[in-house]
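Text of work-v8.pdb (PDB, C-alpha atoms and all ligand atoms) as supplied:
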```pdb
ATOM      1  CA  MET W   1     -19.508   8.033   0.071
ATOM      2  CA  ILE W   2     -16.444   9.099   2.019
ATOM      3  CA  GLU W   3     -14.576  12.369   1.871
ATOM      4  CA  ALA W   4     -11.246  13.143   3.545
ATOM      5  CA  LEU W   5     -10.753  16.853   4.151
ATOM      6  CA  GLY W   6      -7.172  17.885   4.848
ATOM      7  CA  VAL W   7      -6.508  14.935   7.140
ATOM      8  CA  THR W   8      -3.212  15.381   8.983
ATOM      9  CA  LYS W   9      -1.366  13.395  11.654
ATOM     10  CA  ARG W  10       1.723  14.605  13.465
ATOM     11  CA  TYR W  11       3.805  12.546  15.858
ATOM     12  CA  GLY W  12       6.077  15.152  17.423
ATOM     13  CA  ASP W  13       8.209  16.434  14.559
ATOM     14  CA  LEU W  14       7.147  13.664  12.199
ATOM     15  CA  VAL W  15       4.264  14.509   9.882
ATOM     16  CA  ALA W  16       2.987  11.004   9.149
ATOM     17  CA  VAL W  17       0.025  12.249   7.067
ATOM     18  CA  ASN W  18       0.056  15.736   5.613
ATOM     19  CA  ASP W  19      -3.138  17.466   4.482
ATOM     20  CA  VAL W  20      -4.644  14.556   2.554
ATOM     21  CA  SER W  21      -7.980  15.155   0.809
ATOM     22  CA  PHE W  22      -9.989  12.947  -1.523
ATOM     23  CA  LYS W  23     -13.497  11.780  -2.179
ATOM     24  CA  ALA W  24     -14.780   8.313  -3.044
ATOM     25  CA  GLU W  25     -18.319   7.647  -4.220
ATOM     26  CA  ALA W  26     -20.612   4.668  -3.826
ATOM     27  CA  GLY W  27     -19.754   1.961  -6.339
ATOM     28  CA  GLU W  28     -16.070   2.878  -6.419
ATOM     29  CA  VAL W  29     -13.181   0.630  -5.434
ATOM     30  CA  VAL W  30     -10.210   2.861  -4.746
ATOM     31  CA  GLY W  31      -6.684   1.515  -4.377
ATOM     32  CA  PHE W  32      -4.730   3.349  -1.704
ATOM     33  CA  LEU W  33      -1.072   2.844  -2.525
ATOM     34  CA  GLY W  34       2.290   3.969  -1.281
ATOM     35  CA  PRO W  35       5.613   2.597  -0.054
ATOM     36  CA  ASN W  36       6.110   1.208   3.454
ATOM     37  CA  GLY W  37       5.723   4.018   5.962
ATOM     38  CA  ALA W  38       3.961   6.340   3.495
ATOM     39  CA  GLY W  39       1.017   6.874   5.845
ATOM     40  CA  LYS W  40      -1.685   4.543   4.469
ATOM     41  CA  THR W  41      -2.560   2.814   7.740
ATOM     42  CA  THR W  42      -2.413   6.089   9.663
ATOM     43  CA  THR W  43      -4.830   7.700   7.178
ATOM     44  CA  MET W  44      -7.192   4.732   7.323
ATOM     45  CA  ARG W  45      -7.166   4.747  11.122
ATOM     46  CA  MET W  46      -8.092   8.423  11.125
ATOM     47  CA  LEU W  47     -10.895   7.956   8.587
ATOM     48  CA  THR W  48     -12.381   5.188  10.704
ATOM     49  CA  GLY W  49     -12.201   7.164  13.947
ATOM     50  CA  PHE W  50      -9.642   4.836  15.552
ATOM     51  CA  LEU W  51      -7.012   7.555  15.684
ATOM     52  CA  PRO W  52      -7.759  11.243  16.249
ATOM     53  CA  ALA W  53      -6.530  13.469  13.426
ATOM     54  CA  THR W  54      -4.212  16.326  14.382
ATOM     55  CA  ASP W  55      -5.957  18.407  11.755
ATOM     56  CA  GLY W  56      -8.662  18.030   9.138
ATOM     57  CA  THR W  57     -11.684  15.772   9.208
ATOM     58  CA  ALA W  58     -13.650  13.256   7.159
ATOM     59  CA  VAL W  59     -17.269  12.783   6.263
ATOM     60  CA  VAL W  60     -18.603   9.242   6.033
ATOM     61  CA  ASP W  61     -22.000   8.699   4.444
ATOM     62  CA  GLY W  62     -22.921  12.272   5.436
ATOM     63  CA  HIS W  63     -21.576  12.052   9.014
ATOM     64  CA  ASP W  64     -18.570  14.065  10.159
ATOM     65  CA  ILE W  65     -16.181  11.861  12.159
ATOM     66  CA  PHE W  66     -15.809  14.539  14.858
ATOM     67  CA  ASP W  67     -19.364  15.856  15.073
ATOM     68  CA  GLU W  68     -21.123  12.497  14.742
ATOM     69  CA  PRO W  69     -18.485   9.884  15.577
ATOM     70  CA  LEU W  70     -20.919   7.073  16.354
ATOM     71  CA  ALA W  71     -22.951   7.463  13.168
ATOM     72  CA  ALA W  72     -19.736   7.801  11.131
ATOM     73  CA  ARG W  73     -18.266   4.649  12.681
ATOM     74  CA  ARG W  74     -21.456   2.689  12.111
ATOM     75  CA  ALA W  75     -21.311   3.619   8.427
ATOM     76  CA  ILE W  76     -17.833   2.092   8.113
ATOM     77  CA  GLY W  77     -16.535  -1.432   8.007
ATOM     78  CA  TYR W  78     -12.850  -1.506   8.838
ATOM     79  CA  LEU W  79     -10.353  -4.268   8.375
ATOM     80  CA  PRO W  80      -7.261  -3.079  10.258
ATOM     81  CA  GLU W  81      -3.714  -4.287   9.582
ATOM     82  CA  THR W  82      -4.119  -6.497  12.650
ATOM     83  CA  PRO W  83      -7.793  -7.510  12.949
ATOM     84  CA  PRO W  84      -9.232  -7.157  16.478
ATOM     85  CA  LEU W  85     -10.060 -10.808  17.065
ATOM     86  CA  TYR W  86     -10.846 -12.579  20.310
ATOM     87  CA  PRO W  87      -8.957 -15.879  20.082
ATOM     88  CA  GLU W  88     -11.102 -17.650  22.674
ATOM     89  CA  MET W  89     -14.417 -16.931  20.901
ATOM     90  CA  ASP W  90     -15.842 -19.097  18.158
ATOM     91  CA  VAL W  91     -16.229 -17.510  14.716
ATOM     92  CA  SER W  92     -19.981 -17.167  14.657
ATOM     93  CA  GLY W  93     -20.152 -16.038  18.311
ATOM     94  CA  TYR W  94     -17.602 -13.351  17.558
ATOM     95  CA  LEU W  95     -19.480 -12.144  14.477
ATOM     96  CA  LYS W  96     -22.732 -12.086  16.470
ATOM     97  CA  TYR W  97     -20.978  -9.951  19.047
ATOM     98  CA  VAL W  98     -19.675  -7.546  16.379
ATOM     99  CA  ALA W  99     -23.161  -7.337  14.814
ATOM    100  CA  ARG W 100     -24.552  -6.404  18.221
ATOM    101  CA  ILE W 101     -22.040  -3.649  18.917
ATOM    102  CA  LYS W 102     -22.579  -2.324  15.379
ATOM    103  CA  ASP W 103     -26.291  -2.015  16.186
ATOM    104  CA  VAL W 104     -27.650  -4.672  13.836
ATOM    105  CA  PRO W 105     -31.211  -5.220  15.172
ATOM    106  CA  ARG W 106     -31.549  -8.450  17.158
ATOM    107  CA  SER W 107     -34.032  -9.904  14.648
ATOM    108  CA  GLY W 108     -31.558  -9.500  11.777
ATOM    109  CA  ARG W 109     -28.360 -10.620  13.507
ATOM    110  CA  LYS W 110     -28.470 -14.323  12.705
ATOM    111  CA  GLN W 111     -29.004 -13.624   9.031
ATOM    112  CA  ALA W 112     -26.284 -10.946   8.998
ATOM    113  CA  VAL W 113     -23.791 -13.388  10.526
ATOM    114  CA  GLU W 114     -24.715 -16.190   8.129
ATOM    115  CA  ARG W 115     -24.333 -13.888   5.170
ATOM    116  CA  ALA W 116     -20.896 -12.673   6.303
ATOM    117  CA  LEU W 117     -19.799 -16.284   6.982
ATOM    118  CA  GLU W 118     -20.905 -17.366   3.553
ATOM    119  CA  ARG W 119     -19.403 -14.403   1.704
ATOM    120  CA  CYS W 120     -16.021 -14.909   3.347
ATOM    121  CA  GLY W 121     -15.930 -18.696   2.914
ATOM    122  CA  LEU W 122     -16.234 -19.341   6.647
ATOM    123  CA  SER W 123     -19.470 -21.332   7.002
ATOM    124  CA  HIS W 124     -17.636 -24.617   7.606
ATOM    125  CA  VAL W 125     -15.551 -23.152  10.452
ATOM    126  CA  ALA W 126     -18.364 -21.190  12.111
ATOM    127  CA  ARG W 127     -18.065 -23.210  15.336
ATOM    128  CA  ARG W 128     -14.278 -23.218  15.498
ATOM    129  CA  VAL W 129     -12.457 -21.186  18.107
ATOM    130  CA  ILE W 130     -10.717 -18.247  16.368
ATOM    131  CA  GLY W 131      -7.375 -18.921  18.066
ATOM    132  CA  SER W 132      -7.215 -22.370  16.435
ATOM    133  CA  LEU W 133      -7.613 -21.053  12.886
ATOM    134  CA  SER W 134      -4.812 -20.610  10.386
ATOM    135  CA  LYS W 135      -3.586 -17.099   9.534
ATOM    136  CA  GLY W 136      -5.557 -16.936   6.297
ATOM    137  CA  TYR W 137      -8.758 -18.000   8.012
ATOM    138  CA  ARG W 138      -8.235 -15.390  10.714
ATOM    139  CA  GLN W 139      -7.861 -12.825   7.942
ATOM    140  CA  ARG W 140     -11.195 -13.989   6.534
ATOM    141  CA  VAL W 141     -12.766 -13.525   9.977
ATOM    142  CA  GLY W 142     -11.298 -10.002   9.999
ATOM    143  CA  LEU W 143     -12.989  -9.311   6.695
ATOM    144  CA  ALA W 144     -16.262 -10.844   7.897
ATOM    145  CA  GLN W 145     -16.344  -8.534  10.933
ATOM    146  CA  ALA W 146     -15.852  -5.561   8.584
ATOM    147  CA  ILE W 147     -18.888  -6.450   6.467
ATOM    148  CA  VAL W 148     -21.248  -8.056   8.998
ATOM    149  CA  HIS W 149     -23.342  -4.899   9.531
ATOM    150  CA  ASP W 150     -23.363  -4.199   5.782
ATOM    151  CA  PRO W 151     -21.881  -0.694   6.040
ATOM    152  CA  PRO W 152     -21.951   1.632   3.012
ATOM    153  CA  VAL W 153     -18.204   2.305   3.284
ATOM    154  CA  LEU W 154     -15.437  -0.288   3.605
ATOM    155  CA  ILE W 155     -11.858   0.549   4.534
ATOM    156  CA  LEU W 156      -9.641  -2.470   4.072
ATOM    157  CA  ASP W 157      -5.983  -2.380   5.073
ATOM    158  CA  GLU W 158      -4.224  -5.039   2.998
ATOM    159  CA  PRO W 159      -7.277  -7.340   2.807
ATOM    160  CA  THR W 160      -5.637 -10.233   0.970
ATOM    161  CA  VAL W 161      -2.480 -10.536   3.068
ATOM    162  CA  GLY W 162      -1.907 -14.142   4.064
ATOM    163  CA  LEU W 163      -4.627 -15.634   1.872
ATOM    164  CA  ASP W 164      -4.074 -18.539  -0.475
ATOM    165  CA  PRO W 165      -4.361 -17.882  -4.250
ATOM    166  CA  ASN W 166      -7.899 -19.291  -4.481
ATOM    167  CA  GLN W 167      -9.120 -17.244  -1.581
ATOM    168  CA  ILE W 168      -7.441 -14.123  -2.982
ATOM    169  CA  LEU W 169      -9.540 -14.503  -6.117
ATOM    170  CA  GLU W 170     -12.692 -15.052  -4.064
ATOM    171  CA  ILE W 171     -12.078 -12.022  -1.880
ATOM    172  CA  ARG W 172     -11.364  -9.863  -4.927
ATOM    173  CA  GLU W 173     -14.624 -11.079  -6.406
ATOM    174  CA  LEU W 174     -16.383 -10.238  -3.141
ATOM    175  CA  ILE W 175     -14.923  -6.721  -3.100
ATOM    176  CA  ARG W 176     -15.978  -6.132  -6.710
ATOM    177  CA  ASP W 177     -19.400  -7.476  -5.865
ATOM    178  CA  LEU W 178     -19.808  -5.203  -2.857
ATOM    179  CA  ALA W 179     -18.987  -2.134  -4.923
ATOM    180  CA  ALA W 180     -21.216  -3.040  -7.856
ATOM    181  CA  PRO W 181     -23.817  -5.461  -6.534
ATOM    182  CA  ARG W 182     -26.748  -7.129  -8.200
ATOM    183  CA  GLU W 183     -29.894  -5.137  -8.793
ATOM    184  CA  GLY W 184     -31.803  -4.179  -5.684
ATOM    185  CA  GLU W 185     -28.762  -4.324  -3.396
ATOM    186  CA  PRO W 186     -27.008  -1.196  -2.175
ATOM    187  CA  SER W 187     -23.589  -0.390  -3.609
ATOM    188  CA  HIS W 188     -20.628   0.274  -1.343
ATOM    189  CA  THR W 189     -17.578   2.499  -1.377
ATOM    190  CA  VAL W 190     -14.395   0.478  -0.939
ATOM    191  CA  ILE W 191     -10.959   1.867  -0.156
ATOM    192  CA  LEU W 192      -8.237  -0.726   0.072
ATOM    193  CA  SER W 193      -4.527  -0.602   0.611
ATOM    194  CA  THR W 194      -2.250  -3.223  -0.856
ATOM    195  CA  HIS W 195       1.251  -3.710  -2.195
ATOM    196  CA  ILE W 196       0.030  -6.164  -4.814
ATOM    197  CA  LEU W 197      -0.260  -4.020  -7.923
ATOM    198  CA  PRO W 198      -1.949  -6.664 -10.114
ATOM    199  CA  GLU W 199      -4.640  -6.738  -7.427
ATOM    200  CA  VAL W 200      -5.192  -3.024  -7.897
ATOM    201  CA  GLU W 201      -5.327  -3.446 -11.663
ATOM    202  CA  ALA W 202      -7.842  -6.257 -11.234
ATOM    203  CA  ILE W 203     -10.329  -4.530  -8.957
ATOM    204  CA  CYS W 204      -9.746  -0.791  -8.570
ATOM    205  CA  ARG W 205     -11.297   1.873 -10.724
ATOM    206  CA  ARG W 206      -9.206   4.593  -9.196
ATOM    207  CA  VAL W 207      -5.816   4.921  -7.550
ATOM    208  CA  ILE W 208      -4.698   7.290  -4.824
ATOM    209  CA  MET W 209      -0.993   7.256  -4.025
ATOM    210  CA  ILE W 210       0.698   8.709  -1.002
ATOM    211  CA  HIS W 211       4.378   9.206  -0.403
ATOM    212  CA  ASP W 212       5.934  10.649   2.764
ATOM    213  CA  GLY W 213       2.453  11.426   4.068
ATOM    214  CA  GLN W 214       1.426  13.479   1.046
ATOM    215  CA  LYS W 215      -1.005  12.652  -1.707
ATOM    216  CA  VAL W 216       0.990  12.495  -4.918
ATOM    217  CA  LEU W 217      -1.542  10.971  -7.301
ATOM    218  CA  ASP W 218      -5.310  10.616  -7.662
ATOM    219  CA  ASP W 219      -6.379   9.300 -11.034
ATOM    220  CA  SER W 220      -8.480   6.684 -12.755
ATOM    221  CA  MET W 221      -7.015   3.282 -13.575
ATOM    222  CA  GLU W 222      -8.068   3.887 -17.140
ATOM    223  CA  ASN W 223      -5.875   6.992 -17.427
ATOM    224  CA  LEU W 224      -2.954   5.405 -15.655
ATOM    225  CA  THR W 225      -2.811   2.300 -17.783
ATOM    226  CA  ARG W 226      -3.733   3.927 -21.085
ATOM    227  CA  ASP W 227      -1.495   2.902 -23.999
ATOM    228  CA  GLY W 228      -0.268  -0.150 -22.144
ATOM    229  CA  GLY W 229       1.125   1.836 -19.187
ATOM    230  CA  ARG W 230       2.035  -0.310 -16.198
ATOM    231  CA  LEU W 231       1.015   0.527 -12.680
ATOM    232  CA  GLU W 232       4.408  -0.491 -11.307
ATOM    233  CA  ASP W 233       6.048   2.167 -13.478
ATOM    234  CA  VAL W 234       3.549   4.758 -12.249
ATOM    235  CA  PHE W 235       4.266   3.677  -8.676
ATOM    236  CA  ALA W 236       8.011   4.037  -9.159
ATOM    237  CA  ARG W 237       7.639   7.396 -10.853
ATOM    238  CA  PHE W 238       5.572   8.872  -8.042
ATOM    239  CA  THR W 239       7.232   7.303  -5.046
ATOM    240  CA  LEU W 240      10.928   7.292  -5.889
ATOM    241  CA  ARG W 241      11.140  11.038  -6.332
ATOM    242  CA  GLU W 242      11.308  13.648  -3.574
ATOM    243  CA  THR W 243       8.028  15.185  -2.517
ATOM    244  CA  GLY W 244       7.649  18.923  -1.951
ATOM    245  CA  ALA W 245       6.792  22.006  -3.967
ATOM    246  CA  ASP W 246      10.039  22.049  -5.934
ATOM    247  CA  ALA W 247       9.965  18.377  -6.899
ATOM    248  CA  ALA W 248       9.966  17.861 -10.661
ATOM    249  CA  ALA W 249       6.525  17.090 -12.054
ATOM    250  CA  PRO W 250       6.385  13.841 -14.014
ATOM    251  CA  GLU W 251       6.155  13.954 -17.768
ATOM    252  CA  GLY W 252       2.633  14.868 -18.785
ATOM    253  CA  GLY W 253       1.440  14.016 -15.300
ATOM    254  CA  GLU W 254       0.962  17.504 -13.881
ATOM    255  CA  GLU W 255      -2.775  17.301 -14.105
ATOM    256  CA  ALA W 256      -2.804  13.908 -12.405
ATOM    257  CA  VAL W 257      -2.057  15.423  -8.999
ATOM    258  CA  GLN W 258      -5.277  16.922  -7.734
TER     259      GLN W 258
HETATM  260  N1  LIG Q   1       2.275   5.641  16.999
HETATM  261  C1  LIG Q   1       3.207   6.173  16.215
HETATM  262  N2  LIG Q   1       4.165   6.975  16.720
HETATM  263  C2  LIG Q   1       5.107   7.529  15.929
HETATM  264  N3  LIG Q   1       5.165   7.340  14.585
HETATM  265  C3  LIG Q   1       4.240   6.568  14.039
HETATM  266  C4  LIG Q   1       3.202   5.929  14.800
HETATM  267  N4  LIG Q   1       2.414   5.211  13.968
HETATM  268  C5  LIG Q   1       2.938   5.363  12.727
HETATM  269  N5  LIG Q   1       4.032   6.169  12.775
HETATM  270  C6  LIG Q   1       4.857   6.588  11.611
HETATM  271  O1  LIG Q   1       4.007   7.148  10.652
HETATM  272  C7  LIG Q   1       4.478   6.854   9.333
HETATM  273  C8  LIG Q   1       3.357   6.214   8.531
HETATM  274  O2  LIG Q   1       3.128   4.898   9.003
HETATM  275  P1  LIG Q   1       1.959   3.978   8.425
HETATM  276  O3  LIG Q   1       1.854   2.781   9.304
HETATM  277  O4  LIG Q   1       0.750   4.809   8.255
HETATM  278  O5  LIG Q   1       2.536   3.593   6.995
HETATM  279  P2  LIG Q   1       1.927   2.606   5.880
HETATM  280  O6  LIG Q   1       1.845   3.423   4.628
HETATM  281  O7  LIG Q   1       0.713   1.954   6.363
HETATM  282  O8  LIG Q   1       3.113   1.561   5.705
HETATM  283  P3  LIG Q   1       3.088  -0.052   5.405
HETATM  284  O9  LIG Q   1       3.021  -0.185   3.912
HETATM  285  O10 LIG Q   1       4.427  -0.498   5.934
HETATM  286  O11 LIG Q   1       1.934  -0.666   6.121
HETATM  287  C9  LIG Q   1       5.704   5.961   9.522
HETATM  288  O12 LIG Q   1       6.840   6.792   9.439
HETATM  289  C10 LIG Q   1       5.526   5.415  10.921
HETATM  290  O13 LIG Q   1       6.761   5.101  11.505
HETATM  291 MG    MG Q   2       0.182  -0.015   6.733
END
```
Would you put the structure from the file into structure tokens?
Amino acid sequence: MIEALGVTKRYGDLVAVNDVSFKAEAGEVVGFLGPNGAGKTTTMRMLTGFLPATDGTAVVDGHDIFDEPLAARRAIGYLPETPPLYPEMDVSGYLKYVARIKDVPRSGRKQAVERALERCGLSHVARRVIGSLSKGYRQRVGLAQAIVHDPPVLILDEPTVGLDPNQILEIRELIRDLAAPREGEPSHTVILSTHILPEVEAICRRVIMIHDGQKVLDDSMENLTRDGGRLEDVFARFTLRETGADAAAPEGGEEAVQ
């Protein structure tokens, strides 16, 4: 579970993220959408503790990111826009290193790395140096480092950017699987940003939209696409208009903004 509570980021006069609150439960895949510059990455960086919020806080798996930053960070797997890779390390060495700094017990590290390699389609390049991999493979390594310690919450900033069509399908399948796993395995909370709306329709149960740093929509996919509604129309409706208290509410959509 993750809850954002009035998260705000100011850069001088610019309010990049303005009082954003939402909650996502285990088993949910939430699409975090908005135009370029809306504040998605900034919000995700604050939720993961990489960027201090100017105001507000977040609770990750019961841990407040300010009061218990280490526990909160351990509970999160984060794929940033630019994954923090070490080009001179080999893939499995790098994942072992990440598992260690994420406090995976020594006895379980090998298995954790093998599982992440397998889930991200990396087993056959485990010994390759990261710097020699193609862009898509480096993206897979980024995803593998986010899941290697099997955190309950995953924050993925454009996870399928740069992947080939087959791999996109596999990664979507993986994300769905993480949220709603087989019996006996823990379910995860996944929040992902993307500009690929069919991707959101394929894997997200809920959509949160931000525009100019403000949350403008938080609703289920089912509601949004009822009666053949298209997500791209919803996106246009909520992100082409002005934000602010006097902005016109969309037709029948007043209750959608929570
Ligand atoms: N370090 C910074 N200093 C000043 N402004 C910043 C900084 N980082 C981000 N911003 C601004 O904050 C706003 C939100 O940026 P952010 O990267 O969160 O957008 P985004 O929704 O992730 O966009 P994209 O879809 O292009 O990835 C933008 O106006 C951006 O220019
Ligand atoms: Mg971004």
Contacts of chain W with ligand MG 2 (chain Q) up to 12 Å, shortest pair per row, all atoms listed in the file, as JSON lines:
```
{"residue": "W:Ala16", "atom": "CA", "partner": "Q:MG2", "partner_atom": "MG", "distance": 11.6}
{"residue": "W:Phe32", "atom": "CA", "partner": "Q:MG2", "partner_atom": "MG", "distance": 10.3}
{"residue": "W:Leu33", "atom": "CA", "partner": "Q:MG2", "partner_atom": "MG", "distance": 9.8}
{"residue": "W:Gly34", "atom": "CA", "partner": "Q:MG2", "partner_atom": "MG", "distance": 9.2}
{"residue": "W:Pro35", "atom": "CA", "partner": "Q:MG2", "partner_atom": "MG", "distance": 9.1}
{"residue": "W:Asn36", "atom": "CA", "partner": "Q:MG2", "partner_atom": "MG", "distance": 6.9}
{"residue": "W:Gly37", "atom": "CA", "partner": "Q:MG2", "partner_atom": "MG", "distance": 6.9}
{"residue": "W:Ala38", "atom": "CA", "partner": "Q:MG2", "partner_atom": "MG", "distance": 8.1}
{"residue": "W:Gly39", "atom": "CA", "partner": "Q:MG2", "partner_atom": "MG", "distance": 7.0}
{"residue": "W:Lys40", "atom": "CA", "partner": "Q:MG2", "partner_atom": "MG", "distance": 5.4}
{"residue": "W:Thr41", "atom": "CA", "partner": "Q:MG2", "partner_atom": "MG", "distance": 4.1}
{"residue": "W:Thr42", "atom": "CA", "partner": "Q:MG2", "partner_atom": "MG", "distance": 7.3}
{"residue": "W:Thr43", "atom": "CA", "partner": "Q:MG2", "partner_atom": "MG", "distance": 9.2}
{"residue": "W:Met44", "atom": "CA", "partner": "Q:MG2", "partner_atom": "MG", "distance": 8.8}
{"residue": "W:Arg45", "atom": "CA", "partner": "Q:MG2", "partner_atom": "MG", "distance": 9.8}
{"residue": "W:Leu79", "atom": "CA", "partner": "Q:MG2", "partner_atom": "MG", "distance": 11.5}
{"residue": "W:Pro80", "atom": "CA", "partner": "Q:MG2", "partner_atom": "MG", "distance": 8.8}
{"residue": "W:Glu81", "atom": "CA", "partner": "Q:MG2", "partner_atom": "MG", "distance": 6.4}
{"residue": "W:Thr82", "atom": "CA", "partner": "Q:MG2", "partner_atom": "MG", "distance": 9.8}
{"residue": "W:Leu156", "atom": "CA", "partner": "Q:MG2", "partner_atom": "MG", "distance": 10.5}
{"residue": "W:Asp157", "atom": "CA", "partner": "Q:MG2", "partner_atom": "MG", "distance": 6.8}
{"residue": "W:Glu158", "atom": "CA", "partner": "Q:MG2", "partner_atom": "MG", "distance": 7.7}
{"residue": "W:Pro159", "atom": "CA", "partner": "Q:MG2", "partner_atom": "MG", "distance": 11.2}
{"residue": "W:Val161", "atom": "CA", "partner": "Q:MG2", "partner_atom": "MG", "distance": 11.5}
{"residue": "W:Leu192", "atom": "CA", "partner": "Q:MG2", "partner_atom": "MG", "distance": 10.8}
{"residue": "W:Ser193", "atom": "CA", "partner": "Q:MG2", "partner_atom": "MG", "distance": 7.7}
{"residue": "W:Thr194", "atom": "CA", "partner": "Q:MG2", "partner_atom": "MG", "distance": 8.6}
{"residue": "W:His195", "atom": "CA", "partner": "Q:MG2", "partner_atom": "MG", "distance": 9.7}
{"residue": "W:Ile210", "atom": "CA", "partner": "Q:MG2", "partner_atom": "MG", "distance": 11.7}
{"residue": "W:Gly213", "atom": "CA", "partner": "Q:MG2", "partner_atom": "MG", "distance": 12.0}
```
(message) Just to confirm, what's the straight-line distance from atom CA of Asp103 of chain W to atom CA of Lys135 of chain W in Å (one decimal)?
(response) 28.1 Å
(request) Would you mind reading off the distance between atom CA of Val60 of chain W and atom CA of Arg182 of chain W, one decimal, in Å? (result)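 These atoms are spaced 23.2 Å apart.
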(request) Considering only C-alpha atoms, state which residue in the set W:Val15, W:Ala72, W:Leu117, W:Ile191 is at the smallest distance from His211 of chain W. (result)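 Looking at the shortest contact to His211 of chain W, the residue is W:Val15.
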(request) Counting only C-alpha atoms and all ligand atoms, figure out which residue out of W:Gly162, W:Gln214, W:Ala4, W:Gly27 gets nearest to ligand LIG 1 (chain Q). (result) W:Gln214
(message) Report, in Å to a single decimal, how far apart atom CA of Arg119 of chain W and atom CA of Glu173 of chain W are.
(response) 10.0 Å
Enclose all atoms of ligand LIG 1 (chain Q) listed in the file in an axis-aligned box, grow every side by 6 Å, and hand back centre and edge lengths in Å to one decimal, as JSON.
```
{"center_x": 3.8, "center_y": 3.4, "center_z": 10.5, "size_x": 18.1, "size_y": 20.2, "size_z": 25.1}
```
(request) Identify which of the residues W:Gly77, W:Gly131, W:Gly56, W:Gly12 lies closest to Tyr94 of chain W, counting only C-alpha atoms when measuring atom-to-atom distances. (result)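 Counting only C-alpha atoms, the residue closest to Tyr94 of chain W is W:Gly131.
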(message) For this structure, which residues satisfy the selection - the PyMOL selection byres (((chain W and resi 111) around 12) and not hetatm) - when it is evaluated on the file as given? I want them as a ChimeraX atom specification.
(response) /W:92,95-96,99,104-110,112-118,148-150
(message) Quick check on the file I pasted: which residues fall under the PyMOL selection byres (((chain W and resi 58) around 8) and not hetatm)? Write them as a PyMOL selection string.
(response) chain W and resi 2-5+7+47+56-57+59-60+64-65
Those same residues, written as a PDB file, in the frame of the given file with C-alpha atoms?
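Heads up, here's the output in result-v6.pdb:
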```
ATOM      1  CA  ILE W   2     -16.444   9.099   2.019  1.00  0.00           C
ATOM      2  CA  GLU W   3     -14.576  12.369   1.871  1.00  0.00           C
ATOM      3  CA  ALA W   4     -11.246  13.143   3.545  1.00  0.00           C
ATOM      4  CA  LEU W   5     -10.753  16.853   4.151  1.00  0.00           C
ATOM      5  CA  VAL W   7      -6.508  14.935   7.140  1.00  0.00           C
ATOM      6  CA  LEU W  47     -10.895   7.956   8.587  1.00  0.00           C
ATOM      7  CA  GLY W  56      -8.662  18.030   9.138  1.00  0.00           C
ATOM      8  CA  THR W  57     -11.684  15.772   9.208  1.00  0.00           C
ATOM      9  CA  VAL W  59     -17.269  12.783   6.263  1.00  0.00           C
ATOM     10  CA  VAL W  60     -18.603   9.242   6.033  1.00  0.00           C
ATOM     11  CA  ASP W  64     -18.570  14.065  10.159  1.00  0.00           C
ATOM     12  CA  ILE W  65     -16.181  11.861  12.159  1.00  0.00           C
TER      13      ILE W  65
END
```
(message) Counting all atoms listed in the file, which residue out of W:Gly184, W:Pro52, W:Pro152, W:Gly93 sits closest to ligand LIG 1 (chain Q)?
(response) W:Pro52
(message) Could you check the closest approach to ligand LIG 1 (chain Q) for each of W:Thr239, W:Ser187, W:Gln145, W:Gln139 and tell me which residue wins, using only C-alpha atoms and all ligand atoms?
(response) W:Thr239
(request) List, as an MDAnalysis selection string, every residue that the PyMOL selection byres (((chain W and resi 70) around 12) and not hetatm) selects in the file provided. (result) chainID W and resid 48:50 60 63:69 71:76 101:103
